[in-house]
Number of protein chains: 4
Amino acid sequence: MTQARRRHDPAVKHFASDNYAGAHPEILQALALANGGHQIAYGEDVYTEALQEVFQRHFGPGAQAWPVFNGTGANVVGLRAMTAPWEAVVCADSAHVNTDEGGAPEQTAGLKLMSVPTPDGKLTPELIDRQAWGFGDEHRAQPRVVTIAESTELGTVYTPEEIAAISAHCRELGMLLHLDGSRLINAAAALDVPLRALTTDVGVDVLSFGGTKSGLLFGEAIVVLNPSAVRGLIYLRKSSMQLASKMRFVSVQLEALLAGDLWLRNARNGNAMAARLAAAVRDIPGVTVTRAVEANAVFAVLPPEVADRLRKRFRFYTWNEATGEVRWMTAFDTTEADVDAFAAAIAEEMAQA
Amino acid sequence: MTQARRRHDPAVKHFASDNYAGAHPEILQALALANGGHQIAYGEDVYTEALQEVFQRHFGPGAQAWPVFNGTGANVVGLRAMTAPWEAVVCADSAHVNTDEGGAPEQTAGLKLMSVPTPDGKLTPELIDRQAWGFGDEHRAQPRVVTIAESTELGTVYTPEEIAAISAHCRELGMLLHLDGSRLINAAAALDVPLRALTTDVGVDVLSFGGTKSGLLFGEAIVVLNPSAVRGLIYLRKSSMQLASKMRFVSVQLEALLAGDLWLRNARNGNAMAARLAAAVRDIPGVTVTRAVEANAVFAVLPPEVADRLRKRFRFYTWNEATGEVRWMTAFDTTEADVDAFAAAIAEEMAQA
Amino acid sequence: MTQARRRHDPAVKHFASDNYAGAHPEILQALALANGGHQIAYGEDVYTEALQEVFQRHFGPGAQAWPVFNGTGANVVGLRAMTAPWEAVVCADSAHVNTDEGGAPEQTAGLKLMSVPTPDGKLTPELIDRQAWGFGDEHRAQPRVVTIAESTELGTVYTPEEIAAISAHCRELGMLLHLDGSRLINAAAALDVPLRALTTDVGVDVLSFGGTKSGLLFGEAIVVLNPSAVRGLIYLRKSSMQLASKMRFVSVQLEALLAGDLWLRNARNGNAMAARLAAAVRDIPGVTVTRAVEANAVFAVLPPEVADRLRKRFRFYTWNEATGEVRWMTAFDTTEADVDAFAAAIAEEMAQA
Amino acid sequence: MTQARRRHDPAVKHFASDNYAGAHPEILQALALANGGHQIAYGEDVYTEALQEVFQRHFGPGAQAWPVFNGTGANVVGLRAMTAPWEAVVCADSAHVNTDEGGAPEQTAGLKLMSVPTPDGKLTPELIDRQAWGFGDEHRAQPRVVTIAESTELGTVYTPEEIAAISAHCRELGMLLHLDGSRLINAAAALDVPLRALTTDVGVDVLSFGGTKSGLLFGEAIVVLNPSAVRGLIYLRKSSMQLASKMRFVSVQLEALLAGDLWLRNARNGNAMAARLAAAVRDIPGVTVTRAVEANAVFAVLPPEVADRLRKRFRFYTWNEATGEVRWMTAFDTTEADVDAFAAAIAEEMAQA
């Protein structure tokens, strides 16, 4: 019997981040399956081998999956494999890689990010052109990759057509397209399309596939859709400290997510709970939902003192100190009862405003 | 029920690496305990908080534990927090950080390693002096940290006195001492001393505490014993892509290992099995055990063609192509039967040499 | 007699960059003075020693001058000495360090730049606040330095009061102020103030003092006004490949510039010639001067086909492809005749538009 | 008239470094020739264009010369252009790039150096094999380049045959050969061979050609002999802060050195003066010349107290504190009288030992 102790109440849920959730029970089962005996370390195990076929079913026969530890690692290693040291990455100014990874791209990979302001978190060919210039000019870091997030940091979702337009533009410019898919499953579920409709079929070259926010303990995969878009990925994963020794335990979690419909169940639940929450709060006087609710995020403005009182009951983050905008995230394990209790709390606190 | 499948035979064991082993069953139990409900992400959870006390019991009241994903990450983040960009690290030329981390210290952290040849993997004050000079000379990267491994890459173990002599020498030179403890538990078990006898009590400033090789799924901890030895660790862990979002699952594994005696049971088993293997093969004509067997590694020379045949039955690595020296590692889950079967196979193959 | 050959016509002048100019004759005289015999290499020579006093006369008794090769080097080494690896630099999006140094800060120093759009190239406390937040949050590279250019890339000049307001804001935020002074002499001459009025007296911590654009063959200096603002500068200059072995030849050029009034003569000439050019073209129908002409740059819009024809006679750069805006720079050696010839050529080409 | 002052006695010479010397008078003449008027900045000037032909005369029609500021820059930019971020460089442990560049390769370029002990500063195929292994193993930084110095840090000279053997070995291993030629002219003069006999003709891929130690004010060139060996050099020179804006002044110095026989006169003088010094001191009782004197360096052991007294009259460096070995360097401007005075001083001080 383990000498660790349970220290938390599993009934408590928050609306702060899909990272606050634990792991789906099927994921723990998968770990147990893969445990026991010896397997070759560092990715030559049978689970990682089998994972390739699982990813190819979703992303096409040319897809290669490279399991890594976390989303920052997936993004940085993927982008680094797509760029030479003198090349740069165009992104939205609100991109996670630009704002929330502690400067990892610059500090550990020497990558210059060229950011573009964008109101809804989405890039367009026109916005990309604000930074994609100066090719051949040694005084300018050479724009080489465009990175977009699906769904975005602002809870918005690119349609397949929008991504296709961006990838076509990248091709014209001699650039590559990277997609940060830490919440790709939410976007696909929202649009009711297969994963490849947002990636392989619309010209994405390399993808960070998110597992942690999708119900894993931890674990993501760099998915290479265009092998000619990367160099040295196997070495960079190691030197970027993203190579798991007991990789079978990353791979089997990803298998459990993608072999059947767990990914879709998890994504649909998150999306549905966000929609339910948005619907519930729209009618509360004084609360304004500020952005389209297209995946598993709800952005809203409410009086700061109400937000502060509410936070004593449920955790969530302020998105914009200046405007008082807050972000509410749902997860694979958010229930209708959780949403209803939260909505009721919002209404109660607003009533005392 | 999980949609992943079991794909391997848990009865099969190898002697290639303690990373080939899976996780101890108590570790999986701990994960289940920590699962469910919502916990603050990125280390503000109750498991990570509680972990501090667990580490302090082993390493003293001033110890701070910073969970990370893997050993390369623990070493690189720890060393980077101990050095300014113009400072360097003295290590044995056989050090893992020098030979087996794909150049991670240099590539992702800009760290210069100054290596010293050493026959048994162990540094001494005299050997350190071969590189620890040039203080104040801008033409020389400034030696700032000595890093040693306990147990070493060559299966040898520093005594507390040897580490104390090194740390005293570091103090005299104005340098700091880092210890790569990916197999610290094996060293402590071998010497029958508490973990602090090899670290806190003998002047180690910062420690990489190994969890993965000790029976976890994954997970290590940077343990700061001298807070004045580090700067910016919290930022560097993030920017070095070593910050787990669902950190409770790293922390609870470490708790399970260290709260009771699991670490000691695991370490003793590994060591005992290495001793049993060494004893069994010493009598086989043509097999020479080449190094002291002090922890869970056995180094031996046997004819290359025998090694090749043997490898078809059990996996293990050649350590030195030139001499034909091989390395056999045992793990927390290696059984007497496993060792006996392996030793019998060695004897059989040798008999056909 | 040298075996090299003269290969150009010294009568030809352009309006492309102050880097197109050669060296002031007094600078060549200074090199000859410093030549001959042996001097200690790498900065321990008598010229570098004497240079300290020269800089202190301009920048106050606490100033320390560190000669380097070029402006990119001065900026990157200075900023790196002001930041820990996890810290970031706030700058205007048009800052040279952001747009024209080939990604040097990110690639060679791992520095994250946080850029702010600004219409006239000048930052303000309000604009700085768009990026100067998230202190203590490990997910955000930590804003530590604000860097401004005087004069700016857009030919505008900060007043002492504007710089003082920025430095006061930096102090409130716990941040430092860096000034890219590749054209500091032009700003001081334009405002008719001493160099310290724009730097030491208004709270600048570290300065890149520009020599190359001011009439040197090559050579800049990192000037530290607040010694507590930097760490390891002597080591970083070396490891950043900016330490000249025969440093006497950098230092004596800077001495020649600053010991008397050469800097002021050079700066006043550049500024006067820009003013003369602006005056001359303002009356040409179809040419619009687009920005305040405050130092030695004139920005204008004219028909692209006219610009193309004109460029066959005089070299200059397009600043903005979209608007057709061009930049005309004057230098220490631009003469009234040069300006008049250029203005006449503009008028001629416009007449054929 | 320049406002700088002469501050040193040009009659004083030392034996510390060829960097203590100033510039050859013909070099100053060349600067004057190239001065005046406007030339395109950043290397598109006529002097840099003409320089290509000058280098091609020495190094063959395929040679490309890329002027840079200093030797560290030439080495780091050249090596970086030859390697991907996951690749490593094999060098002698005494290599300048390993010991005297302040960690620049690691800190600014992320380059891992794999050093090999070597008694005379020279590598051989056998010594290279001590580090050139592990190809394809992601745990090992991938050996990609061998770098050698000609002449070496220890004053020894590789024969063309020795370099050819190394380059042939590199080809077999799929590696490239880089040559640090900061004193290439001394080696060529010593062997009485053209520069290409030690580079182009024996399979060197990329070369750092040394100008500063050869009589320039400053300035080196990266010389690419095998264009397929480099990637992105033009961008890396800029982002590594080695791109001179007024490049005509670097290029014309290199032209002055190489267009005629200035390089050979300078090299022969340095070598002859070292030989004269070695001959003069060999007969002094108590002084032992410790290494072959093949270029412009003399290594010797003499009593430390004698060295200390001697240093009050002439500057030179201790090479090895442990053995008391000192290094005496001669330069292009060392005269017979300088050598004789120094040798006499040695004899005088030894007589008082």
# chains A, B, ... in the order shown; residues from 1 in each chain; ligands from 1
>>> residues_around(residues="segment 162-179 of chain A", least_positions_apart="2", cutoff="8 Å", atoms="only C-alpha atoms", output="list in words")
Leu79, Met82, Leu123, Thr124, Pro125, Ala132, Pro143, Arg144, Val145, Val146, Thr147, Ile148, Ala149, Glu150, Tyr158, Thr159, Pro160, Gly181, Leu198, Thr199, Val202, Gly203, Val204, Asp205, Val206, Leu207, Ser208 and Ala229 of chain A
>>> residues_around(residues="Ala34 of chain A", least_positions_apart="2", cutoff="12 Å", atoms="only C-alpha atoms", output="short mmCIF file (atom, residue, chain, number, x, y, z; two decimals) with C-alpha atoms, in the first residue's frame")
data_model
loop_
_atom_site.label_atom_id
_atom_site.label_comp_id
_atom_site.auth_asym_id
_atom_site.auth_seq_id
_atom_site.Cartn_x
_atom_site.Cartn_y
_atom_site.Cartn_z
CA ILE A 27 -5.84 7.08 -18.52
CA LEU A 28 -4.88 5.58 -15.18
CA GLN A 29 -6.06 2.21 -16.42
CA ALA A 30 -3.83 2.58 -19.44
CA LEU A 31 -0.83 3.27 -17.24
CA ALA A 32 -1.45 0.07 -15.35
CA GLY A 36 5.45 -4.16 -15.32
CA GLY A 37 8.46 -5.85 -16.88
CA HIS A 38 11.12 -4.09 -18.90
CA GLN A 39 10.75 -2.05 -22.04
CA ASP A 45 9.24 0.57 -26.64
CA VAL A 46 6.23 -1.18 -28.16
CA TYR A 47 3.77 1.47 -26.94
CA THR A 48 5.53 4.27 -28.73
CA LYS A 246 10.13 5.55 -19.59
CA MET A 247 8.36 6.79 -22.68
CA ARG A 248 5.89 3.93 -22.70
CA PHE A 249 3.99 5.81 -20.03
CA VAL A 250 3.56 8.88 -22.22
CA SER A 251 2.68 6.87 -25.28
CA VAL A 252 0.09 4.64 -23.68
CA GLN A 253 -1.78 7.65 -22.36
CA GLU A 255 -3.05 5.82 -27.17
CA ALA A 256 -5.83 5.68 -24.60
CA THR B 2 -9.46 2.14 -21.45
CA ALA B 4 -5.45 1.29 -24.99
CA ARG B 5 -4.08 -2.25 -25.15
CA ARG B 6 -1.45 -4.20 -23.27
CA ARG B 7 1.33 -4.85 -25.75
CA HIS B 8 4.18 -6.35 -23.75
CA ASP B 9 5.05 -9.29 -21.54
CA PRO B 10 5.60 -8.07 -17.97
CA ALA B 21 11.85 -0.91 -15.54
CA GLY B 22 8.32 0.37 -15.15
CA ALA B 23 6.85 1.95 -12.03
CA PRO B 25 2.87 -0.58 -7.94
CA LEU B 28 0.45 3.84 -9.38
CA LEU B 217 6.83 6.63 -13.88
#
>>> select_by_dssp(residues="segment 29-251 of chain D", states="strand (DSSP E or B)", output="VMD selection string")
chain D and resid 38 64 to 68 87 to 92 112 to 116 142 to 149 176 to 181 206 to 210 220 to 224
>>> interface_residues(of="chain C", to="chain B", cutoff="10 Å", atoms="only C-alpha atoms", output="list in words")
Tyr42, Arg80, Ala81, Ala84, Pro85, Trp86, Glu87, Thr108, Ala109, Gly110, Gly136, Asp137, Glu138, His139, Arg140, Ala141, Gln142, Arg231, Gly232, Leu233, Ile234, Tyr235, Leu236, Arg237, Lys238, Ser239, Ser240 and Leu243 of chain C
>>> select_by_dssp(residues="segment 194-321 of chain C", states="alpha helix (DSSP H)", output="MDAnalysis selection string")
chainID C and resid 233:239 248:258 262:282 304:311
>>> residues_around(residues="Leu302 of chain A", least_positions_apart="2", cutoff="8 Å", atoms="only C-alpha atoms", output="short mmCIF file (atom, residue, chain, number, x, y, z; two decimals) with N, CA and C atoms, in the first residue's frame")
data_model
loop_
_atom_site.label_atom_id
_atom_site.label_comp_id
_atom_site.auth_asym_id
_atom_site.auth_seq_id
_atom_site.Cartn_x
_atom_site.Cartn_y
_atom_site.Cartn_z
N GLY A 286 -25.58 42.66 -15.40
CA GLY A 286 -24.26 43.12 -14.96
C GLY A 286 -23.12 42.25 -15.42
N VAL A 287 -23.44 41.07 -15.94
CA VAL A 287 -22.39 40.19 -16.47
C VAL A 287 -22.45 40.26 -18.00
N THR A 288 -21.30 40.53 -18.62
CA THR A 288 -21.27 40.58 -20.08
C THR A 288 -20.29 39.55 -20.61
N ALA A 300 -15.68 36.98 -19.77
CA ALA A 300 -16.79 37.83 -19.33
C ALA A 300 -16.25 39.02 -18.54
N PRO A 304 -15.29 44.05 -10.56
CA PRO A 304 -14.11 43.45 -9.91
C PRO A 304 -14.39 42.99 -8.49
N VAL A 306 -17.13 41.90 -7.29
CA VAL A 306 -17.90 40.66 -7.39
C VAL A 306 -16.98 39.50 -7.74
N ALA A 307 -16.10 39.75 -8.69
CA ALA A 307 -15.13 38.71 -9.07
C ALA A 307 -14.32 38.29 -7.85
N GLY A 324 -11.16 44.41 -16.39
CA GLY A 324 -11.88 43.53 -15.48
C GLY A 324 -12.37 42.25 -16.14
N GLU A 325 -11.92 41.99 -17.34
CA GLU A 325 -12.35 40.77 -18.04
C GLU A 325 -11.76 39.54 -17.35
N VAL A 326 -12.60 38.53 -17.16
CA VAL A 326 -12.15 37.27 -16.55
C VAL A 326 -12.30 36.14 -17.55
#
>>> closest_residue(among="D:Ala197, D:Gly103, D:Ala190, D:Val223", to="Ala275 of chain D", atoms="only C-alpha atoms")
D:Ala190
>>> residues_around(residues="Val298 of chain B", least_positions_apart="3", cutoff="8 Å", atoms="only C-alpha atoms", output="number ranges by chain")
B: 155, 274, 277-278, 289, 291-293, 327-329
